[in-house]
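In what follows, a single structure is set out as structure tokens and then discussed.
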Protein chains: 4
Amino acid sequence: MNFSYSRTIRFADTDGAGVVYFAQIFSICHEAYEASLASQGINLRDFFGGSPGNAAIAVPIVHAEASFRQPMFCGDRIIITLQPQQLSPDSYTISYEIYSDLGQENPKPNLESNPKSNPQSDPKFPPRSQQLIAQAQTKHICINPQLRSRQELPDYLHQWLHNN
Amino acid sequence: MNFSYSRTIRFADTDGAGVVYFAQIFSICHEAYEASLASQGINLRDFFGGSPGNAAIAVPIVHAEASFRQPMFCGDRIIITLQPQQLSPDSYTISYEIYSDLGQENPKPNLESNPKSNPQSDPKFPPRSQQLIAQAQTKHICINPQLRSRQELPDYLHQWLHNN
Amino acid sequence: MNFSYSRTIRFADTDGAGVVYFAQIFSICHEAYEASLASQGINLRDFFGGSPGNAAIAVPIVHAEASFRQPMFCGDRIIITLQPQQLSPDSYTISYEIYSDLGQENPKPNLESNPKSNPQSDPKFPPRSQQLIAQAQTKHICINPQLRSRQELPDYLHQWLHNN
Amino acid sequence: MNFSYSRTIRFADTDGAGVVYFAQIFSICHEAYEASLASQGINLRDFFGGSPGNAAIAVPIVHAEASFRQPMFCGDRIIITLQPQQLSPDSYTISYEIYSDLGQENPKPNLESNPKSNPQSDPKFPPRSQQLIAQAQTKHICINPQLRSRQELPDYLHQWLHNN
């Protein structure tokens, strides 16, 4: 069962063409990644904020790509599903799918997130109402941030990969 | 009772000093403004996306300011309260207060928003656990986007001002 | 001879890990694309700001990808080279290469851009001093923004493709 | 003579209303601040990227404000002038003025910056052609990043204040 993350498109996400700026989709996917890590108890400040001087590991993105099918507008409700997969002892990819959240006819701006709701199974989000808007993928390699040499994924990331 | 909006600090909000980039606080406050408008049934795509050719009104920001008391880190939970006030027939200000959300000891990344929860009164957010992190204010003037001349606030904005 | 665009990494480009936020590389490449269009006399406000109501064409990005080799830090000077290629009567790709600008030992923050300087041939930027930091690609499809149907590239984009 | 920094408005700066997103003006002013520091030989990576573990000082922004007079569009050329002023042994403010750069009738996208050109005196930018678009101010306090206690400005910042 994939992790899913709900979000409202904000004015700051849009560009002068009136739709979400293309590069912003990567930030939106990264938010889903952060929410997924946090849902497993991983401390985001330690995990991401690790300065070179004091972090044990870093897992920088070495490749990112996205395909866009439909434009997104300010106020749109979207659902991002996320599927990580281990590639090697020191790397993983994450696949993202972004769906429109048409199930909510009325604006419910305060319901920012639906934890672990599976769009395929959750009765609140019938498949009929959703449309695939975009797909994305990121590839991450675990390194020692001081030496910038590759190192194996720590146990808590194995755990996170296993649980997703 | 003020409108309040909850949010998690995201990696994209941070800068090379490891804390939220100062300009980002204005986007975060604007998100709260958007959520407040949407909570009153105002369509955000129409309200904000109005291109000069087809929008009846626009309410651009003519002044913005913020004071910062504490740094914010990736993964931090914050609550933004918002208090709009009409200034004249064609303008209003919005005052924002950003609090740390220390009431939630455990990471609950999926609870993105607590609609209309008043930090002062909601038992889930006892006042003791909160700290004022930042304050901000924006001033908005209602104009005709074609002529860029001032015009009176429409009824639905009077309604929104009245309800907040 | 490829178009090239120089830029300094700004604090706003960086994230809590102290390096350029991965999604920001797409914005940086898009800046180079904008500079390339403008260098051929294309009006950027008309080209990009076209609201659905009044634009003749739009050329949205339908795919974007990037690979990252080296981190970039605040104050770093980079050079982006750009190579567009027509794919079909209504589409093109743009390939980007991002190099460190090590040729400039001393900070010269005011020299924001080196128009049309070819990193391979310009004596100011000897090949030895440059390192490939990242590569990216975007795919663009020309549409009628009202109907969202595909349409052929206009002459001025053929011209731009031809000149690059 | 004030430091001045030229810049082109980029698509990523704009929002769904087709103009520069209000919070973006603060990033644009910060770019000018960075360029000003670098013009005096201050290393931006050390100055801004200082992680709590290894930086001697940090000078975070404690207040920021901006007033907006005119909208800015993608492709517009602007000039930012900057005037810092010491407030106390451990603090300073910076005042920014953003002008349209109407002196350049033809798009010259590659001329990203005009170092130290004073808009009031430079014959290339006659006063008649410029319009004040926005004004901003930031207030900075020098601290020890480990202890977060105030400390006096270092000599190189006194030097920078003196030279501007």
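Just remember, in the structure tokens the first chain shown is A, the second B, etc., residues are 1-based per chain, and ligands are 1-based in the order shown.
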Could you give me, as JSON, numbers by chain, the residues within 10 Å of B:Pro89, counting only C-alpha atoms and dropping anything in the same chain fewer than 3 positions from it? {"B": [86, 92, 141, 142, 150, 151, 152, 153, 154, 158]}
Could you take the residues named above and write them with N, CA, C and O atoms, as a compact mmCIF listing (two decimals), in the first residue's frame?
```txt
# COMPACT_ATOMS: atom_id res chain seq x y z
N GLN B 86 -10.67 45.64 7.95
CA GLN B 86 -10.92 46.59 6.87
C GLN B 86 -10.33 47.95 7.24
O GLN B 86 -10.44 48.41 8.37
N TYR B 92 -7.81 46.51 3.01
CA TYR B 92 -7.76 45.84 4.31
C TYR B 92 -6.32 45.44 4.62
O TYR B 92 -5.48 45.39 3.73
N ILE B 141 -5.10 46.31 -1.48
CA ILE B 141 -6.00 47.32 -2.06
C ILE B 141 -6.75 46.71 -3.23
O ILE B 141 -6.14 46.08 -4.11
N CYS B 142 -8.05 46.92 -3.24
CA CYS B 142 -8.90 46.35 -4.29
C CYS B 142 -8.88 47.26 -5.52
O CYS B 142 -9.12 48.46 -5.41
N ARG B 150 -8.68 52.05 -8.17
CA ARG B 150 -9.24 51.49 -6.95
C ARG B 150 -10.74 51.25 -7.12
O ARG B 150 -11.42 52.01 -7.80
N GLN B 151 -11.21 50.22 -6.48
CA GLN B 151 -12.67 50.03 -6.44
C GLN B 151 -13.05 49.37 -5.13
O GLN B 151 -12.22 48.76 -4.45
N GLU B 152 -14.32 49.50 -4.77
CA GLU B 152 -14.76 49.02 -3.46
C GLU B 152 -14.68 47.49 -3.38
O GLU B 152 -14.82 46.80 -4.39
N LEU B 153 -14.48 47.03 -2.18
CA LEU B 153 -14.44 45.58 -1.96
C LEU B 153 -15.78 44.96 -2.31
O LEU B 153 -16.83 45.53 -1.99
N PRO B 154 -15.77 43.83 -2.97
CA PRO B 154 -17.04 43.15 -3.27
C PRO B 154 -17.65 42.56 -1.99
O PRO B 154 -16.99 42.41 -0.97
N HIS B 158 -16.36 41.58 2.02
CA HIS B 158 -16.96 42.10 3.25
C HIS B 158 -17.37 40.96 4.17
O HIS B 158 -17.16 41.00 5.38
```
7 Å contacts from chain B to chain C using only C-alpha atoms, as a VMD selection string: chain B and resid 11 to 12 14 to 19 51 53
Quick one: of C:Gln131, C:Thr138, C:Ser6, C:Asn43, who's nearest to C:Pro84, counting only C-alpha atoms?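 Answer, going by the shortest atom-to-atom distance: C:Thr138.
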Show which residues sit within 8 Å of D:Cys29, as a ChimeraX atom specification. Count only C-alpha atoms, and ignore same-chain residues fewer than 2 positions away. /D:25-27,31-33,80,96,136
Which value, in Å to one decimal, gives the distance between atom CA of B:Gln85 and atom CA of B:Leu37?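 Value for the atom CA of B:Gln85-atom CA of B:Leu37 distance: 13.8 Å.
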Which residue, B:Gly41, B:Thr8, B:Ile94, B:Gln137, has the smallest gap to B:Ile79 when you use only C-alpha atoms? B:Thr8
Between atom CA of A:Trp160 and atom CA of A:Asn2, measure the distance and give it in Å to one decimal. 11.9 Å
Could you pull out the strand (DSSP E or B) residues of stretch 10-114 of chain C from DSSP and send them as a ChimeraX atom specification? /C:14,20,58,61-68,77-88,91-100
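Going from atom CA of C:Ser88 over to atom CA of A:Tyr99, you cover 28.6 Å.
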